[in-house]
Each structure stands twice: as structure tokens, then as C-alpha cells.
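Written below as C-alpha cells is the structure these notes are about.
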Amino acid sequence: MGCATIPAMRALVVSDIHSNLEAFDAVLADAEEHGGYDIVWFLGDLVGYGADPGRCIERLQELPNVAVAGNHDHAVTGKLNPDLFNGAARAAALWTADVLTYDELAYLAGLPEVRTEGDFTHVHGSLRDPVMEYLLSEPAALATFALMGTPFCLVGHSHFPIVWTENEHGADVALLDPTEPLGMHQDRRVIANPGSVGQPRDGDWRASYLLYDSEAEDAGVLEHRRVEYDIATAQRKIREAGLPEVLADRLARGH
Ligand code: ZN
């Protein structure tokens with residue numbers, strides 16, 4: 001027997017589900033078919049935009065998971081003013097607040113903004129502004145690297161699958177190809193975004209997520225995956241709910 005203290009573990013890393021049950025279920029099925037997972041790591045924005053907020057909350061709660069809050073989760077519970085959003089996002093936040101039960105709202109309101117799981121920090125936006133900052137620029141990446149107490153940080157919010165790495169500690173960062181399997185070596189710090197499950201914005205409409213296998217290639221590997229889902233049903237539900245038309249249309253464009 002060795003002296004390993006951390007059990008082998010597979011995590012399904014998902015963010016920005018945005019009340020899209022069809023996309024979430026497709027991701028869960030795809031992950032199951034590709035080795036399965038022991039736990040879901042959810043990076044915020046369970047609700048907003050889509051038509052199934054209650055069922056997405058229920059689905060996540062059925063699974064072993066750890067979760068952080070996003071800006072849309074805060075907007076429906078009153079922790080963030082929905083007037084800060086654009087018209088369609090604001091309308092969806094107000095609609096969502098109206099259809100959720102007290103218990104569902106209390107669940108969202110109770111989500112922390114930052115969590116640590118072993119070598120990984122989880123946050124929706126960034127470590128200097130947990131629910132609002134988009135981690136899309138070099139200065140933003142450097143600022144979060146400076147605040148990380150773990151080698152790896154997982155973020156969401158931008159809806160873009162992106163991987164930042166440090167070339168030189170605290171001095172320089174670079175983007176890696178987010179679609180390449182990523183070896184998680186302790187001496188190379190990384191910030192990774194799985195992209196969005198429920199409303200991708202990188203021009204690819206398919207649901208986006210990461211699988212983490214702590215055993216793969218000694219150090220552990222993050223693998224990016226895309227999966228098709230029943231977009232027509234998700235769009236029909238948005239229209240039937242009376243949510244803004246643009247929220248249905250944009251799902252097909254992937255931006
Ligand atoms: Zn989002």
C-alpha cells in the first residue's frame with residue numbers, strides 16, 4: 001500500500017446552466033457515458049435566461065455536488081439588483097424569482113461565492129470580484145492568480161471555454177487551447193473555464209463542460225467536452241413561458 005491520502009476521484013465540472021434542463025440532462029448523460037463522475041462541481045448561474053429553473057435546481061440537488069453562486073442566482077434572490085442586467089436578462093431574473101418556491105430561492109441564496117476543494121478554488125467570476133468579473137483579459141487573469149491559495153482555479157461566467165496558465169509566477173500568463181486535455185501539474189498553475197452548459201457564447205451551440213479525473217496521467221487531467229442537446233424543446237419552453245424571444249433565438253446561434 002502507498003501513502004496516498006487523496007482518493008481517486010472524477011468530477012463533472014459545469015457552469016452557467018441557466019435553467020436549460022435539456023442541455024443539463026444531455027451533459028449528465030454524456031459524462032455518464034464517458035467514464036462517469038463521483039461529484040458535480042458547479043460554478044454558478046444555475047438559473048436565469050431559460051424556462052426550467054426549478055427542475056434544474058432539483059436535478060443538481062439530486063446529485064452529489066458542491067456549488068457556488070453566480071450573478072444570476074444572486075439577481076433572483078435579491079442579492080444583486082436585476083436592474084444591472086440588460087432587458088432580456090432582467091426580465092428572465094424577475095420571471096424566475098416569481099416561479100421559484102421559497103425553498104428553491106433559499107437554496108440559491110445560501111450558495112457561497114467561493115469554495116475550495118482540495119487543489120481547486122471554485123468561483124463564478126473571479127477572485128477579486130466573485131460574481132461579476134469576466135476572466136477574459138491578461139490583467140484579470142493575473143489578478144486572480146495573485147489571490148489563489150491553491151494551484152488551480154475553476155471559473156465560469158463568460159460562457160467561453162478558456163484556460164489560462166502562468167508562464168512565470170506572478171509575471172506572465174498565457175492562453176492554452178481549451179479543447180486539449182490538460183494535465184494538472186502542481187508546478188503549473190491554471191485557471192480553467194468549462195464554458196456554458198445552457199447558453200454557450202463561443203459560436204458553438206452545443207453544451208460545454210469539463211471532466212476531471214484525479215488519477216489520469218499521474219497528476220490528473222481536465223478534459224473538455226461538447227454535447228448536442230434537444231435545443232428545439234428548450235426554445236419552445238422559453239417561448240411558452242413568455243420569456244423574451246431573443247433568449248430562445250440565441251441558443252441556436254451559440255452566442
Ligand atoms: Zn452565466
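Residues are referred to by chain and number: the chain letter is A, B, ... according to the order shown in the C-alpha cells, the number counts from 1 in that chain, and ligands are numbered separately from 1 in the order shown.
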Taking only C-alpha atoms and all ligand atoms into account, list the residues no farther than 7 Å from ligand 1, as a ChimeraX atom specification.
/A:16,18,45,72,157-159
Keeping only N, CA and C atoms, write those residues as a compact mmCIF listing (two decimals), in the first residue's frame.
```
# COMPACT_ATOMS: atom_id res chain seq x y z
N ASP A 16 -22.92 27.83 -15.59
CA ASP A 16 -23.86 28.57 -16.43
C ASP A 16 -24.89 27.65 -17.11
N HIS A 18 -28.14 27.92 -16.48
CA HIS A 18 -29.15 28.89 -16.90
C HIS A 18 -30.51 28.29 -17.24
N ASP A 45 -24.61 30.29 -11.69
CA ASP A 45 -25.66 30.58 -12.68
C ASP A 45 -26.42 29.31 -13.07
N HIS A 72 -26.56 35.63 -11.74
CA HIS A 72 -27.99 35.43 -11.98
C HIS A 72 -28.67 34.78 -10.78
N HIS A 157 -19.02 32.13 -15.84
CA HIS A 157 -19.47 33.50 -16.05
C HIS A 157 -19.33 34.02 -17.49
N SER A 158 -18.20 33.81 -18.16
CA SER A 158 -18.04 34.37 -19.51
C SER A 158 -18.73 33.51 -20.57
N HIS A 159 -19.04 32.27 -20.23
CA HIS A 159 -19.62 31.31 -21.17
C HIS A 159 -18.64 30.93 -22.29
```
All residues 12 Å or closer to A:Arg55, only C-alpha atoms, same chain fewer than 5 positions away omitted, as a list in words
Ile17, His18, Ser19, Asn20, Leu21, Glu22, Phe24, Asp25, Leu46, Val47, Gly50, Leu60, Gln61, Glu62, Thr96, Val99, Leu100, Thr101 and Glu104 of chain A
Contacts of A:Ala174 at 8 Å or less, counting only C-alpha atoms, minus same-chain residues fewer than 5 places along, as an MDAnalysis selection string?
chainID A and resid 138 164:167
Selected residues written out, N, CA and C atoms, as an mmCIF file, in the first residue's frame:
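As a result, part_22.cif now contains:
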```cif
data_model
loop_
_atom_site.group_PDB
_atom_site.id
_atom_site.type_symbol
_atom_site.label_atom_id
_atom_site.label_comp_id
_atom_site.auth_asym_id
_atom_site.auth_seq_id
_atom_site.Cartn_x
_atom_site.Cartn_y
_atom_site.Cartn_z
ATOM 1 N N GLU A 138 -5.689 39.425 -19.772
ATOM 2 C CA GLU A 138 -4.471 39.084 -19.028
ATOM 3 C C GLU A 138 -4.426 39.757 -17.657
ATOM 4 N N TRP A 164 -6.283 29.577 -18.731
ATOM 5 C CA TRP A 164 -5.131 30.448 -18.501
ATOM 6 C C TRP A 164 -4.070 29.663 -17.751
ATOM 7 N N THR A 165 -2.810 29.896 -18.083
ATOM 8 C CA THR A 165 -1.736 29.324 -17.282
ATOM 9 C C THR A 165 -0.698 30.402 -17.008
ATOM 10 N N GLU A 166 0.091 30.176 -15.951
ATOM 11 C CA GLU A 166 1.155 31.107 -15.601
ATOM 12 C C GLU A 166 2.442 30.651 -16.256
ATOM 13 N N ASN A 167 3.074 31.526 -17.018
ATOM 14 C CA ASN A 167 4.387 31.193 -17.572
ATOM 15 C C ASN A 167 5.470 31.354 -16.515
#
```
Quote the spacing between atom CA of A:Phe145 and atom CA of A:Asp213 in Å to one decimal place.
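For atom CA of A:Phe145 relative to atom CA of A:Asp213, the distance reads 22.7 Å.
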For the alpha helix (DSSP H) assignment from backbone DSSP, which residues of stretch 32-216 of chain A qualify? Please present them as an NGL selection string.
:A and (32-33 or 53-62 or 71-77 or 87-99 or 102-109 or 138-147)
Quick one: of A:Ala91, A:Met132, A:Thr121, A:Gly54, who's nearest to A:Asp103, counting only C-alpha atoms?
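Ranked by minimum distance to A:Asp103, first place goes to A:Gly54.
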Compare A:Asp98, A:Glu180, A:Glu228, A:Asp187 by their minimum atom-to-atom distance to A:Asp204, counting only C-alpha atoms, and give me the closest one.
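Going through A:Asp98, A:Glu180, A:Glu228, A:Asp187 one by one, the smallest distance to A:Asp204 is for A:Glu228.
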Residues at most 7 Å from A:Phe42, counting only C-alpha atoms, excluding those fewer than 5 positions away in the same chain, as an NGL selection string?
:A and (13-15 or 66-68)
Identify all residues of stretch 114-205 of chain A in strand (DSSP E) (DSSP on the backbone) and supply them as an MDAnalysis selection string.
chainID A and resid 114:117 120:123 152:154 161:168 172:176 182:183 190:194
Residue among A:Lys237, A:Arg225, A:Arg189, A:His255 lying closest to A:Ala26, counting only C-alpha atoms:
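The shortest atom-to-atom distance to A:Ala26 comes from A:Arg225.
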Distance criterion (only C-alpha atoms): nearest to A:Arg250 out of A:Pro161, A:Gly36, A:Gly198, A:Gly78
A:Gly198
Quick one: distance from atom CA of A:Ser126 to atom CA of A:Arg201 in Å, one decimal?
18.5 Å
